[in-house]
Amino acid sequence: MNIPEHIAIIMDGNGRWAGKRHLPRIMGHRRGVESVKNITKACVNLGVKYLTLYAFSTENWNRPRKEIRSLFKLLDNFISTQIRLFNENNVRIYFIGDRKKIDPEIRKKMEKIERDTKDHKKLILNIALSYGSRQEILSAVKALSGEVKNGLISPDDIDEKVFSKHLYTKHCPDPDLLIRTSGEMRVSNFLLWQISYSEIYVTPKLWPDFGEKDLEKAIEEYQHRERRFGK
Ligand code: IPE
Ligand code: IPE
Ligand code: MG
């Protein structure tokens, strides 16, 4: 079958989806949440083990305050209402990113849903929120420097495995497949270390239009790729 074990998705194009319909951007984000639910279920059904969704980047903090506020309200609503989806589908939630900037009330709810789903095993769903890969790498460097300074490890001990264990994704293998919707050919500060050997699939479909069939198409293309890993 060769189903990718880990799929990472840059969920892009919500604003354009709304713009094409002369709707406010938030309507696009709202429809984007529907895609998140559909794709989560599809991954469970297909036997994907890890799904990492880019929901809000460190750079997205530079968006208008009103848009940021409505995005976090959507997230708040999503985690408060979707516990059934996670229970029924045996999905464990992790949030990856810099939580310090997130409202403490929402942060508490994020921690609660992580706790409440911690025994679920079918799919690990990582939601990248306030996530930036450069920031992630820098905090790994800082943590490792501290360990060296305190004599816990020597600089020679720092190999790829040790470094990976200091990233937010320490509980996951690297993504096999990276999908970006809405046609942009860039990675926008997402999982720079982890996607070294991921297969990349870009579709012009906007995220609110991306459904199960589109996911299957991406996986089918992945299955025809020859992964050489430099050999
Ligand atoms: C992706 O959609 C969602 C987030 C980045 C929060 P966008 O909001 O980037 O939509 P476009 O790219 O402007 O269409
Ligand atoms: C990337 O999309 C971030 C997320 C999908 C959360 P952006 O819309 O922010 O990226 P750019 O600005 O097109 O690079
Ligand atoms: Mg965008």
# chains A, B, ... in the order shown; residues from 1 in each chain; ligands from 1

$ closest_atom_pairs --of "segment 15-133 of chain A" --to "segment 168-174 of chain A" --cutoff "8 Å" --atoms "only C-alpha atoms" --output "Markdown table"
| residue | atom | partner | partner_atom | distance |
| --- | --- | --- | --- | --- |
| A:Tyr50 | CA | A:Cys172 | CA | 7.3 |
| A:Ile96 | CA | A:Tyr168 | CA | 5.6 |
| A:Gly97 | CA | A:Tyr168 | CA | 7.0 |

$ write_last_selection --atoms "all heavy atoms" --output "tab-separated table (two decimals), in the first residue's frame"
chain	number	residue	atom	x	y	z
A	50	TYR	N	0.67	9.97	11.50
A	50	TYR	CA	0.95	11.32	11.99
A	50	TYR	C	0.48	12.33	10.96
A	50	TYR	O	0.78	12.19	9.76
A	50	TYR	CB	2.45	11.53	12.22
A	50	TYR	CG	3.08	10.56	13.18
A	50	TYR	CD1	3.55	9.31	12.73
A	50	TYR	CD2	3.22	10.87	14.53
A	50	TYR	CE1	4.12	8.41	13.60
A	50	TYR	CE2	3.80	9.97	15.41
A	50	TYR	CZ	4.25	8.75	14.95
A	50	TYR	OH	4.82	7.86	15.81
A	96	ILE	N	2.19	22.24	18.53
A	96	ILE	CA	3.62	22.53	18.43
A	96	ILE	C	3.77	24.01	18.08
A	96	ILE	O	3.01	24.56	17.29
A	96	ILE	CB	4.34	21.62	17.40
A	96	ILE	CG1	3.79	21.77	15.98
A	96	ILE	CG2	4.24	20.14	17.83
A	96	ILE	CD1	4.63	21.07	14.91
A	97	GLY	N	4.72	24.66	18.72
A	97	GLY	CA	4.93	26.08	18.50
A	97	GLY	C	5.23	26.79	19.82
A	97	GLY	O	5.31	26.16	20.87

$ residues_around --residues "segment 16-27 of chain A" --least-positions-apart "6" --cutoff "12 Å" --atoms "only C-alpha atoms" --output "PDB file with all heavy atoms, in the first residue's frame"
ATOM      1  N   VAL A  33     -11.693  25.128   8.639  1.00  0.00           N
ATOM      2  CA  VAL A  33     -11.854  24.219   9.775  1.00  0.00           C
ATOM      3  C   VAL A  33     -12.586  22.946   9.330  1.00  0.00           C
ATOM      4  O   VAL A  33     -12.263  21.840   9.778  1.00  0.00           O
ATOM      5  CB  VAL A  33     -12.601  24.909  10.949  1.00  0.00           C
ATOM      6  CG1 VAL A  33     -12.860  23.920  12.080  1.00  0.00           C
ATOM      7  CG2 VAL A  33     -11.813  26.101  11.467  1.00  0.00           C
ATOM      8  N   GLU A  34     -13.549  23.095   8.429  1.00  0.00           N
ATOM      9  CA  GLU A  34     -14.262  21.914   7.905  1.00  0.00           C
ATOM     10  C   GLU A  34     -13.274  20.983   7.197  1.00  0.00           C
ATOM     11  O   GLU A  34     -13.337  19.764   7.344  1.00  0.00           O
ATOM     12  CB  GLU A  34     -15.387  22.329   6.947  1.00  0.00           C
ATOM     13  CG  GLU A  34     -16.500  23.142   7.616  1.00  0.00           C
ATOM     14  CD  GLU A  34     -17.059  22.456   8.858  1.00  0.00           C
ATOM     15  OE1 GLU A  34     -17.434  21.269   8.777  1.00  0.00           O
ATOM     16  OE2 GLU A  34     -17.104  23.105   9.935  1.00  0.00           O
ATOM     17  N   ARG A  63      -0.354  39.794  11.119  1.00  0.00           N
ATOM     18  CA  ARG A  63      -1.628  40.073  10.439  1.00  0.00           C
ATOM     19  C   ARG A  63      -2.457  41.072  11.259  1.00  0.00           C
ATOM     20  O   ARG A  63      -2.179  41.287  12.440  1.00  0.00           O
ATOM     21  CB  ARG A  63      -2.412  38.772  10.254  1.00  0.00           C
ATOM     22  CG  ARG A  63      -1.735  37.875   9.243  1.00  0.00           C
ATOM     23  CD  ARG A  63      -2.668  36.837   8.702  1.00  0.00           C
ATOM     24  NE  ARG A  63      -1.952  36.020   7.728  1.00  0.00           N
ATOM     25  CZ  ARG A  63      -2.512  35.109   6.960  1.00  0.00           C
ATOM     26  NH1 ARG A  63      -3.808  34.877   7.057  1.00  0.00           N
ATOM     27  NH2 ARG A  63      -1.798  34.425   6.096  1.00  0.00           N
ATOM     28  N   PRO A  64      -3.492  41.652  10.643  1.00  0.00           N
ATOM     29  CA  PRO A  64      -4.337  42.590  11.407  1.00  0.00           C
ATOM     30  C   PRO A  64      -4.897  41.928  12.666  1.00  0.00           C
ATOM     31  O   PRO A  64      -5.255  40.746  12.640  1.00  0.00           O
ATOM     32  CB  PRO A  64      -5.469  42.925  10.426  1.00  0.00           C
ATOM     33  CG  PRO A  64      -4.931  42.593   9.070  1.00  0.00           C
ATOM     34  CD  PRO A  64      -3.940  41.495   9.250  1.00  0.00           C
ATOM     35  N   LYS A  66      -7.610  42.074  14.134  1.00  0.00           N
ATOM     36  CA  LYS A  66      -8.972  41.543  14.036  1.00  0.00           C
ATOM     37  C   LYS A  66      -8.952  40.121  13.457  1.00  0.00           C
ATOM     38  O   LYS A  66      -9.662  39.234  13.931  1.00  0.00           O
ATOM     39  CB  LYS A  66      -9.787  42.480  13.127  1.00  0.00           C
ATOM     40  CG  LYS A  66     -11.258  42.282  13.253  1.00  0.00           C
ATOM     41  CD  LYS A  66     -12.036  43.361  12.478  1.00  0.00           C
ATOM     42  CE  LYS A  66     -13.332  42.747  11.986  1.00  0.00           C
ATOM     43  NZ  LYS A  66     -13.644  43.099  10.600  1.00  0.00           N
ATOM     44  N   GLU A  67      -8.115  39.918  12.436  1.00  0.00           N
ATOM     45  CA  GLU A  67      -8.031  38.576  11.840  1.00  0.00           C
ATOM     46  C   GLU A  67      -7.438  37.586  12.844  1.00  0.00           C
ATOM     47  O   GLU A  67      -7.910  36.455  12.975  1.00  0.00           O
ATOM     48  CB  GLU A  67      -7.196  38.611  10.549  1.00  0.00           C
ATOM     49  CG  GLU A  67      -7.149  37.233   9.888  1.00  0.00           C
ATOM     50  CD  GLU A  67      -6.465  37.211   8.518  1.00  0.00           C
ATOM     51  OE1 GLU A  67      -6.126  38.288   7.997  1.00  0.00           O
ATOM     52  OE2 GLU A  67      -6.279  36.099   7.988  1.00  0.00           O
ATOM     53  N   ILE A  68      -6.396  38.040  13.575  1.00  0.00           N
ATOM     54  CA  ILE A  68      -5.774  37.155  14.573  1.00  0.00           C
ATOM     55  C   ILE A  68      -6.804  36.750  15.621  1.00  0.00           C
ATOM     56  O   ILE A  68      -6.941  35.576  15.972  1.00  0.00           O
ATOM     57  CB  ILE A  68      -4.564  37.852  15.252  1.00  0.00           C
ATOM     58  CG1 ILE A  68      -3.469  38.122  14.218  1.00  0.00           C
ATOM     59  CG2 ILE A  68      -4.022  37.012  16.413  1.00  0.00           C
ATOM     60  CD1 ILE A  68      -2.278  38.908  14.731  1.00  0.00           C
ATOM     61  N   ARG A  69      -7.567  37.749  16.071  1.00  0.00           N
ATOM     62  CA  ARG A  69      -8.565  37.474  17.103  1.00  0.00           C
ATOM     63  C   ARG A  69      -9.577  36.449  16.601  1.00  0.00           C
ATOM     64  O   ARG A  69      -9.919  35.492  17.298  1.00  0.00           O
ATOM     65  CB  ARG A  69      -9.255  38.759  17.547  1.00  0.00           C
ATOM     66  CG  ARG A  69      -9.514  38.762  19.045  1.00  0.00           C
ATOM     67  CD  ARG A  69     -10.084  40.084  19.578  1.00  0.00           C
ATOM     68  NE  ARG A  69      -9.346  41.256  19.152  1.00  0.00           N
ATOM     69  CZ  ARG A  69      -9.869  42.305  18.500  1.00  0.00           C
ATOM     70  NH1 ARG A  69     -11.149  42.321  18.196  1.00  0.00           N
ATOM     71  NH2 ARG A  69      -9.133  43.327  18.146  1.00  0.00           N
ATOM     72  N   SER A  70     -10.039  36.616  15.370  1.00  0.00           N
ATOM     73  CA  SER A  70     -11.063  35.666  14.908  1.00  0.00           C
ATOM     74  C   SER A  70     -10.462  34.287  14.637  1.00  0.00           C
ATOM     75  O   SER A  70     -11.139  33.271  14.829  1.00  0.00           O
ATOM     76  CB  SER A  70     -11.849  36.198  13.709  1.00  0.00           C
ATOM     77  OG  SER A  70     -11.046  36.887  12.827  1.00  0.00           O
ATOM     78  N   LEU A  71      -9.196  34.242  14.249  1.00  0.00           N
ATOM     79  CA  LEU A  71      -8.560  32.929  14.061  1.00  0.00           C
ATOM     80  C   LEU A  71      -8.473  32.162  15.380  1.00  0.00           C
ATOM     81  O   LEU A  71      -8.766  30.967  15.434  1.00  0.00           O
ATOM     82  CB  LEU A  71      -7.152  33.110  13.481  1.00  0.00           C
ATOM     83  CG  LEU A  71      -7.073  33.207  11.958  1.00  0.00           C
ATOM     84  CD1 LEU A  71      -5.693  33.689  11.525  1.00  0.00           C
ATOM     85  CD2 LEU A  71      -7.376  31.857  11.308  1.00  0.00           C
ATOM     86  N   PHE A  72      -8.086  32.865  16.450  1.00  0.00           N
ATOM     87  CA  PHE A  72      -7.971  32.177  17.737  1.00  0.00           C
ATOM     88  C   PHE A  72      -9.338  31.829  18.332  1.00  0.00           C
ATOM     89  O   PHE A  72      -9.478  30.850  19.048  1.00  0.00           O
ATOM     90  CB  PHE A  72      -7.086  32.968  18.715  1.00  0.00           C
ATOM     91  CG  PHE A  72      -5.628  32.678  18.475  1.00  0.00           C
ATOM     92  CD1 PHE A  72      -4.890  33.436  17.584  1.00  0.00           C
ATOM     93  CD2 PHE A  72      -5.012  31.594  19.083  1.00  0.00           C
ATOM     94  CE1 PHE A  72      -3.559  33.134  17.314  1.00  0.00           C
ATOM     95  CE2 PHE A  72      -3.683  31.284  18.829  1.00  0.00           C
ATOM     96  CZ  PHE A  72      -2.953  32.060  17.932  1.00  0.00           C
ATOM     97  N   LYS A  73     -10.342  32.626  17.971  1.00  0.00           N
ATOM     98  CA  LYS A  73     -11.705  32.290  18.409  1.00  0.00           C
ATOM     99  C   LYS A  73     -12.156  30.992  17.727  1.00  0.00           C
ATOM    100  O   LYS A  73     -12.755  30.117  18.355  1.00  0.00           O
ATOM    101  CB  LYS A  73     -12.649  33.434  18.016  1.00  0.00           C
ATOM    102  CG  LYS A  73     -13.593  33.802  19.137  1.00  0.00           C
ATOM    103  CD  LYS A  73     -14.228  35.128  18.879  1.00  0.00           C
ATOM    104  CE  LYS A  73     -15.736  35.063  19.093  1.00  0.00           C
ATOM    105  NZ  LYS A  73     -16.373  36.335  18.693  1.00  0.00           N
ATOM    106  N   LEU A  74     -11.811  30.870  16.447  1.00  0.00           N
ATOM    107  CA  LEU A  74     -12.137  29.639  15.714  1.00  0.00           C
ATOM    108  C   LEU A  74     -11.440  28.439  16.340  1.00  0.00           C
ATOM    109  O   LEU A  74     -12.028  27.375  16.513  1.00  0.00           O
ATOM    110  CB  LEU A  74     -11.667  29.755  14.262  1.00  0.00           C
ATOM    111  CG  LEU A  74     -12.638  30.260  13.217  1.00  0.00           C
ATOM    112  CD1 LEU A  74     -11.976  30.206  11.844  1.00  0.00           C
ATOM    113  CD2 LEU A  74     -13.904  29.398  13.200  1.00  0.00           C
ATOM    114  N   THR A 181      -1.356  23.638  -0.158  1.00  0.00           N
ATOM    115  CA  THR A 181      -2.485  24.000  -1.007  1.00  0.00           C
ATOM    116  C   THR A 181      -2.317  25.430  -1.499  1.00  0.00           C
ATOM    117  O   THR A 181      -1.464  26.171  -1.006  1.00  0.00           O
ATOM    118  CB  THR A 181      -3.822  23.862  -0.236  1.00  0.00           C
ATOM    119  OG1 THR A 181      -3.780  24.700   0.918  1.00  0.00           O
ATOM    120  CG2 THR A 181      -4.069  22.423   0.207  1.00  0.00           C
ATOM    121  N   SER A 182      -3.117  25.776  -2.483  1.00  0.00           N
ATOM    122  CA  SER A 182      -3.218  27.125  -3.065  1.00  0.00           C
ATOM    123  C   SER A 182      -2.046  27.516  -3.954  1.00  0.00           C
ATOM    124  O   SER A 182      -1.929  28.679  -4.332  1.00  0.00           O
ATOM    125  CB  SER A 182      -3.454  28.194  -1.988  1.00  0.00           C
ATOM    126  OG  SER A 182      -2.251  28.750  -1.525  1.00  0.00           O
ATOM    127  N   GLY A 183      -1.207  26.556  -4.295  1.00  0.00           N
ATOM    128  CA  GLY A 183      -0.241  26.753  -5.376  1.00  0.00           C
ATOM    129  C   GLY A 183       1.047  27.481  -5.064  1.00  0.00           C
ATOM    130  O   GLY A 183       1.904  27.610  -5.938  1.00  0.00           O
ATOM    131  N   PRO A 204      -3.015  23.430  -6.706  1.00  0.00           N
ATOM    132  CA  PRO A 204      -3.650  24.753  -6.796  1.00  0.00           C
ATOM    133  C   PRO A 204      -4.938  24.867  -5.978  1.00  0.00           C
ATOM    134  O   PRO A 204      -5.403  25.965  -5.701  1.00  0.00           O
ATOM    135  CB  PRO A 204      -3.965  24.908  -8.295  1.00  0.00           C
ATOM    136  CG  PRO A 204      -3.918  23.538  -8.863  1.00  0.00           C
ATOM    137  CD  PRO A 204      -3.001  22.730  -7.990  1.00  0.00           C
ATOM    138  N   LYS A 205      -5.488  23.736  -5.572  1.00  0.00           N
ATOM    139  CA  LYS A 205      -6.726  23.770  -4.759  1.00  0.00           C
ATOM    140  C   LYS A 205      -6.527  24.632  -3.520  1.00  0.00           C
ATOM    141  O   LYS A 205      -5.500  24.523  -2.851  1.00  0.00           O
ATOM    142  CB  LYS A 205      -7.076  22.351  -4.277  1.00  0.00           C
ATOM    143  CG  LYS A 205      -7.806  21.529  -5.289  1.00  0.00           C
ATOM    144  CD  LYS A 205      -9.297  21.455  -4.970  1.00  0.00           C
ATOM    145  CE  LYS A 205     -10.036  20.800  -6.112  1.00  0.00           C
ATOM    146  NZ  LYS A 205     -10.823  19.646  -5.699  1.00  0.00           N
ATOM    147  N   LEU A 206      -7.512  25.452  -3.197  1.00  0.00           N
ATOM    148  CA  LEU A 206      -7.446  26.249  -1.974  1.00  0.00           C
ATOM    149  C   LEU A 206      -7.841  25.361  -0.791  1.00  0.00           C
ATOM    150  O   LEU A 206      -8.637  24.430  -0.962  1.00  0.00           O
ATOM    151  CB  LEU A 206      -8.388  27.454  -2.096  1.00  0.00           C
ATOM    152  CG  LEU A 206      -8.129  28.340  -3.331  1.00  0.00           C
ATOM    153  CD1 LEU A 206      -9.187  29.429  -3.445  1.00  0.00           C
ATOM    154  CD2 LEU A 206      -6.728  28.945  -3.315  1.00  0.00           C
ATOM    155  N   TRP A 207      -7.312  25.648   0.387  1.00  0.00           N
ATOM    156  CA  TRP A 207      -7.529  24.742   1.529  1.00  0.00           C
ATOM    157  C   TRP A 207      -9.019  24.448   1.797  1.00  0.00           C
ATOM    158  O   TRP A 207      -9.387  23.294   2.008  1.00  0.00           O
ATOM    159  CB  TRP A 207      -6.810  25.255   2.781  1.00  0.00           C
ATOM    160  CG  TRP A 207      -7.075  24.383   3.965  1.00  0.00           C
ATOM    161  CD1 TRP A 207      -7.776  24.700   5.086  1.00  0.00           C
ATOM    162  CD2 TRP A 207      -6.658  23.005   4.136  1.00  0.00           C
ATOM    163  NE1 TRP A 207      -7.819  23.631   5.949  1.00  0.00           N
ATOM    164  CE2 TRP A 207      -7.150  22.575   5.386  1.00  0.00           C
ATOM    165  CE3 TRP A 207      -5.920  22.099   3.347  1.00  0.00           C
ATOM    166  CZ2 TRP A 207      -6.940  21.287   5.871  1.00  0.00           C
ATOM    167  CZ3 TRP A 207      -5.719  20.810   3.833  1.00  0.00           C
ATOM    168  CH2 TRP A 207      -6.216  20.417   5.073  1.00  0.00           C
ATOM    169  N   PRO A 208      -9.925  25.430   1.746  1.00  0.00           N
ATOM    170  CA  PRO A 208     -11.328  25.088   2.019  1.00  0.00           C
ATOM    171  C   PRO A 208     -11.923  24.124   0.979  1.00  0.00           C
ATOM    172  O   PRO A 208     -12.928  23.457   1.263  1.00  0.00           O
ATOM    173  CB  PRO A 208     -12.050  26.445   1.966  1.00  0.00           C
ATOM    174  CG  PRO A 208     -10.987  27.437   2.289  1.00  0.00           C
ATOM    175  CD  PRO A 208      -9.736  26.885   1.632  1.00  0.00           C
ATOM    176  N   ASP A 209     -11.298  24.032  -0.189  1.00  0.00           N
ATOM    177  CA  ASP A 209     -11.791  23.116  -1.231  1.00  0.00           C
ATOM    178  C   ASP A 209     -11.084  21.768  -1.201  1.00  0.00           C
ATOM    179  O   ASP A 209     -11.378  20.885  -2.001  1.00  0.00           O
ATOM    180  CB  ASP A 209     -11.579  23.731  -2.628  1.00  0.00           C
ATOM    181  CG  ASP A 209     -12.470  24.936  -2.866  1.00  0.00           C
ATOM    182  OD1 ASP A 209     -13.602  24.946  -2.345  1.00  0.00           O
ATOM    183  OD2 ASP A 209     -12.020  25.859  -3.580  1.00  0.00           O
ATOM    184  N   PHE A 210     -10.101  21.605  -0.327  1.00  0.00           N
ATOM    185  CA  PHE A 210      -9.272  20.400  -0.309  1.00  0.00           C
ATOM    186  C   PHE A 210      -9.977  19.310   0.500  1.00  0.00           C
ATOM    187  O   PHE A 210     -10.226  19.461   1.690  1.00  0.00           O
ATOM    188  CB  PHE A 210      -7.906  20.733   0.304  1.00  0.00           C
ATOM    189  CG  PHE A 210      -6.882  19.642   0.169  1.00  0.00           C
ATOM    190  CD1 PHE A 210      -6.122  19.510  -0.987  1.00  0.00           C
ATOM    191  CD2 PHE A 210      -6.665  18.744   1.217  1.00  0.00           C
ATOM    192  CE1 PHE A 210      -5.163  18.502  -1.101  1.00  0.00           C
ATOM    193  CE2 PHE A 210      -5.711  17.734   1.103  1.00  0.00           C
ATOM    194  CZ  PHE A 210      -4.959  17.621  -0.056  1.00  0.00           C
TER     195      PHE A 210
END

$ residues_near_ligand --ligand "ligand 3" --cutoff "9 Å" --atoms "only C-alpha atoms and all ligand atoms" --output "mmCIF file with C-alpha atoms, in the first residue's frame"
data_model
loop_
_atom_site.group_PDB
_atom_site.id
_atom_site.type_symbol
_atom_site.label_atom_id
_atom_site.label_comp_id
_atom_site.auth_asym_id
_atom_site.auth_seq_id
_atom_site.Cartn_x
_atom_site.Cartn_y
_atom_site.Cartn_z
ATOM 1 C CA MET A 11 -3.087 24.779 4.810
ATOM 2 C CA ASP A 12 -3.057 27.847 2.586
ATOM 3 C CA GLY A 13 -5.629 29.787 0.572
ATOM 4 C CA ASN A 14 -8.462 30.497 3.015
ATOM 5 C CA GLY A 15 -8.362 34.236 2.332
ATOM 6 C CA ARG A 16 -8.427 33.755 -1.444
ATOM 7 C CA SER A 182 -3.218 27.125 -3.065
ATOM 8 C CA GLU A 184 2.472 28.698 -3.549
#

$ residues_near_ligand --ligand "ligand 2" --cutoff "6 Å" --atoms "only C-alpha atoms and all ligand atoms" --output "list of chain:residue names"
A:Ile10, A:Met11, A:Asp12, A:Tyr54, A:Ala55, A:Phe56, A:Ser57, A:Asn60, A:Ser188

$ residues_around --residues "segment 103-115 of chain A" --least-positions-apart "4" --cutoff "10 Å" --atoms "only C-alpha atoms" --output "PyMOL selection string"
chain A and resi 72-73+75-77+79-80+82-83+86+92-95+99+119

$ write_last_selection --atoms "N, CA, C and O atoms" --output "compact mmCIF listing (two decimals), in the first residue's frame"
# COMPACT_ATOMS: atom_id res chain seq x y z
N PHE A 72 -8.09 32.86 16.45
CA PHE A 72 -7.97 32.18 17.74
C PHE A 72 -9.34 31.83 18.33
O PHE A 72 -9.48 30.85 19.05
N LYS A 73 -10.34 32.63 17.97
CA LYS A 73 -11.71 32.29 18.41
C LYS A 73 -12.16 30.99 17.73
O LYS A 73 -12.76 30.12 18.36
N LEU A 75 -10.17 28.63 16.68
CA LEU A 75 -9.41 27.55 17.30
C LEU A 75 -10.03 27.15 18.64
O LEU A 75 -10.22 25.96 18.92
N ASP A 76 -10.36 28.17 19.42
CA ASP A 76 -10.98 27.95 20.73
C ASP A 76 -12.24 27.11 20.55
O ASP A 76 -12.45 26.09 21.22
N ASN A 77 -13.05 27.51 19.59
CA ASN A 77 -14.29 26.80 19.32
C ASN A 77 -14.02 25.37 18.83
O ASN A 77 -14.68 24.42 19.26
N ILE A 79 -11.40 23.43 19.51
CA ILE A 79 -10.99 22.49 20.56
C ILE A 79 -12.10 22.24 21.58
O ILE A 79 -12.17 21.19 22.18
N SER A 80 -13.00 23.20 21.74
CA SER A 80 -14.10 22.97 22.70
C SER A 80 -15.16 22.03 22.15
O SER A 80 -15.87 21.40 22.93
N GLN A 82 -14.73 19.67 19.37
CA GLN A 82 -14.37 18.50 18.57
C GLN A 82 -13.87 17.29 19.36
O GLN A 82 -13.36 16.34 18.79
N ILE A 83 -14.04 17.33 20.67
CA ILE A 83 -13.55 16.22 21.47
C ILE A 83 -14.17 14.89 21.00
O ILE A 83 -13.51 13.85 20.99
N PHE A 86 -12.28 13.49 18.12
CA PHE A 86 -11.00 12.89 18.54
C PHE A 86 -11.24 11.56 19.28
O PHE A 86 -10.49 10.62 19.10
N ARG A 92 -4.95 11.58 18.91
CA ARG A 92 -4.23 12.29 19.97
C ARG A 92 -3.75 13.66 19.45
O ARG A 92 -3.19 13.75 18.37
N ILE A 93 -3.98 14.69 20.24
CA ILE A 93 -3.64 16.05 19.81
C ILE A 93 -2.36 16.53 20.50
O ILE A 93 -2.20 16.38 21.72
N TYR A 94 -1.51 17.13 19.70
CA TYR A 94 -0.36 17.88 20.22
C TYR A 94 -0.39 19.26 19.59
O TYR A 94 -0.71 19.37 18.41
N PHE A 95 -0.03 20.27 20.34
CA PHE A 95 0.21 21.58 19.73
C PHE A 95 1.70 21.79 19.68
O PHE A 95 2.41 21.54 20.66
N ARG A 99 4.12 28.74 22.71
CA ARG A 99 2.84 29.01 23.37
C ARG A 99 2.81 30.33 24.14
O ARG A 99 1.75 30.80 24.51
N ASP A 119 -4.33 9.13 25.54
CA ASP A 119 -4.30 7.68 25.38
C ASP A 119 -4.72 7.22 23.99
O ASP A 119 -4.78 6.02 23.71

$ select_by_dssp --residues "segment 5-165 of chain A" --states "helix (DSSP H, G or I)" --output "ChimeraX atom specification"
/A:14-20,25-46,59-62,65-81,83-89,99-101,104-116,133-149,155-157,160-164

$ atom_distance --atom1 "atom CA of Ala8 of chain A" --atom2 "atom CA of Leu177 of chain A"
6.3 Å

$ closest_residue --among "A:His6, A:His166, A:Arg30, A:Lys142" --to "ligand 1" --atoms "only C-alpha atoms and all ligand atoms"
A:Arg30

$ residues_around --residues "segment 131-133 of chain A" --least-positions-apart "4" --cutoff "6 Å" --atoms "only C-alpha atoms" --output "MDAnalysis selection string"
chainID A and resid 57:58 97 189:192

$ write_last_selection --atoms "all heavy atoms" --output "CSV table (one decimal), in the first residue's frame"
chain,number,residue,atom,x,y,z
A,57,SER,N,1.4,30.7,11.8
A,57,SER,CA,2.9,30.8,11.9
A,57,SER,C,3.3,32.0,12.8
A,57,SER,O,2.5,32.9,13.1
A,57,SER,CB,3.5,31.0,10.4
A,57,SER,OG,3.1,32.3,10.0
A,58,THR,N,4.6,32.0,13.1
A,58,THR,CA,5.1,33.1,13.9
A,58,THR,C,5.0,34.4,13.1
A,58,THR,O,4.7,35.5,13.7
A,58,THR,CB,6.6,32.9,14.3
A,58,THR,OG1,7.3,32.5,13.1
A,58,THR,CG2,6.8,31.9,15.3
A,97,GLY,N,4.7,24.7,18.7
A,97,GLY,CA,4.9,26.1,18.5
A,97,GLY,C,5.2,26.8,19.8
A,97,GLY,O,5.3,26.2,20.9
A,189,ASN,N,8.7,28.9,6.4
A,189,ASN,CA,9.2,28.7,7.8
A,189,ASN,C,8.5,27.5,8.5
A,189,ASN,O,8.2,27.5,9.7
A,189,ASN,CB,9.0,30.0,8.6
A,189,ASN,CG,9.9,30.1,9.8
A,189,ASN,OD1,10.8,29.2,9.9
A,189,ASN,ND2,9.7,31.0,10.7
A,190,PHE,N,8.2,26.4,7.7
A,190,PHE,CA,7.6,25.2,8.3
A,190,PHE,C,8.5,24.0,8.3
A,190,PHE,O,9.1,23.7,7.2
A,190,PHE,CB,6.3,24.9,7.4
A,190,PHE,CG,5.4,23.9,8.0
A,190,PHE,CD1,5.1,23.9,9.3
A,190,PHE,CD2,4.8,22.9,7.2
A,190,PHE,CE1,4.2,22.9,9.8
A,190,PHE,CE2,4.0,21.9,7.7
A,190,PHE,CZ,3.6,22.0,9.0
A,191,LEU,N,8.8,23.5,9.4
A,191,LEU,CA,9.5,22.2,9.6
A,191,LEU,C,10.8,22.1,8.7
A,191,LEU,O,11.1,21.1,8.0
A,191,LEU,CB,8.6,21.0,9.2
A,191,LEU,CG,7.3,20.9,9.9
A,191,LEU,CD1,6.5,19.8,9.3
A,191,LEU,CD2,7.4,20.7,11.4
A,192,LEU,N,11.6,23.2,8.8
A,192,LEU,CA,12.8,23.2,7.9
A,192,LEU,C,13.8,22.1,8.1
A,192,LEU,O,14.3,21.5,7.1
A,192,LEU,CB,13.5,24.6,8.1
A,192,LEU,CG,12.7,25.8,7.8
A,192,LEU,CD1,13.6,27.1,8.1
A,192,LEU,CD2,12.1,25.8,6.4

$ atom_distance --atom1 "atom CA of Glu59 of chain A" --atom2 "atom CA of Lys161 of chain A"
27.9 Å

$ select_by_dssp --residues "segment 61-228 of chain A" --states "strand (DSSP E)" --output "list in words"
Val91, Arg92, Ile93, Tyr94, Phe95, Ile96, Leu123, Ile124, Leu125, Asn126, Ile127, Ala128, Leu129, Ser130, Tyr131, Leu177, Leu178, Ile179, Arg180, Glu199, Ile200, Tyr201 and Val202 of chain A

$ atom_distance --atom1 "atom CA of Val202 of chain A" --atom2 "atom CA of Ile219 of chain A"
11.9 Å

$ residues_around --residues "Leu123 of chain A" --least-positions-apart "3" --cutoff "10 Å" --atoms "only C-alpha atoms" --output "JSON, numbers by chain"
{"A": [5, 6, 40, 41, 43, 44, 45, 47, 48, 49, 50, 51, 86, 89, 90, 91, 92, 93, 120, 126]}

$ residues_around --residues "Val141 of chain A" --least-positions-apart "4" --cutoff "12 Å" --atoms "only C-alpha atoms" --output "list in words"
Arg134, Gln135, Glu136, Ile137, Ser145, Gly146, Glu147, Val148, Pro155, Ile158, Val162, Phe163, Ser164, Lys165, His166 and Leu167 of chain A

$ closest_residue --among "A:Gly151, A:Arg180, A:Thr52, A:His224" --to "ligand 1" --atoms "only C-alpha atoms and all ligand atoms"
A:Arg180

$ closest_residue --among "A:Leu85, A:Leu46, A:Leu129, A:Ile102" --to "ligand 1" --atoms "only C-alpha atoms and all ligand atoms"
A:Leu129
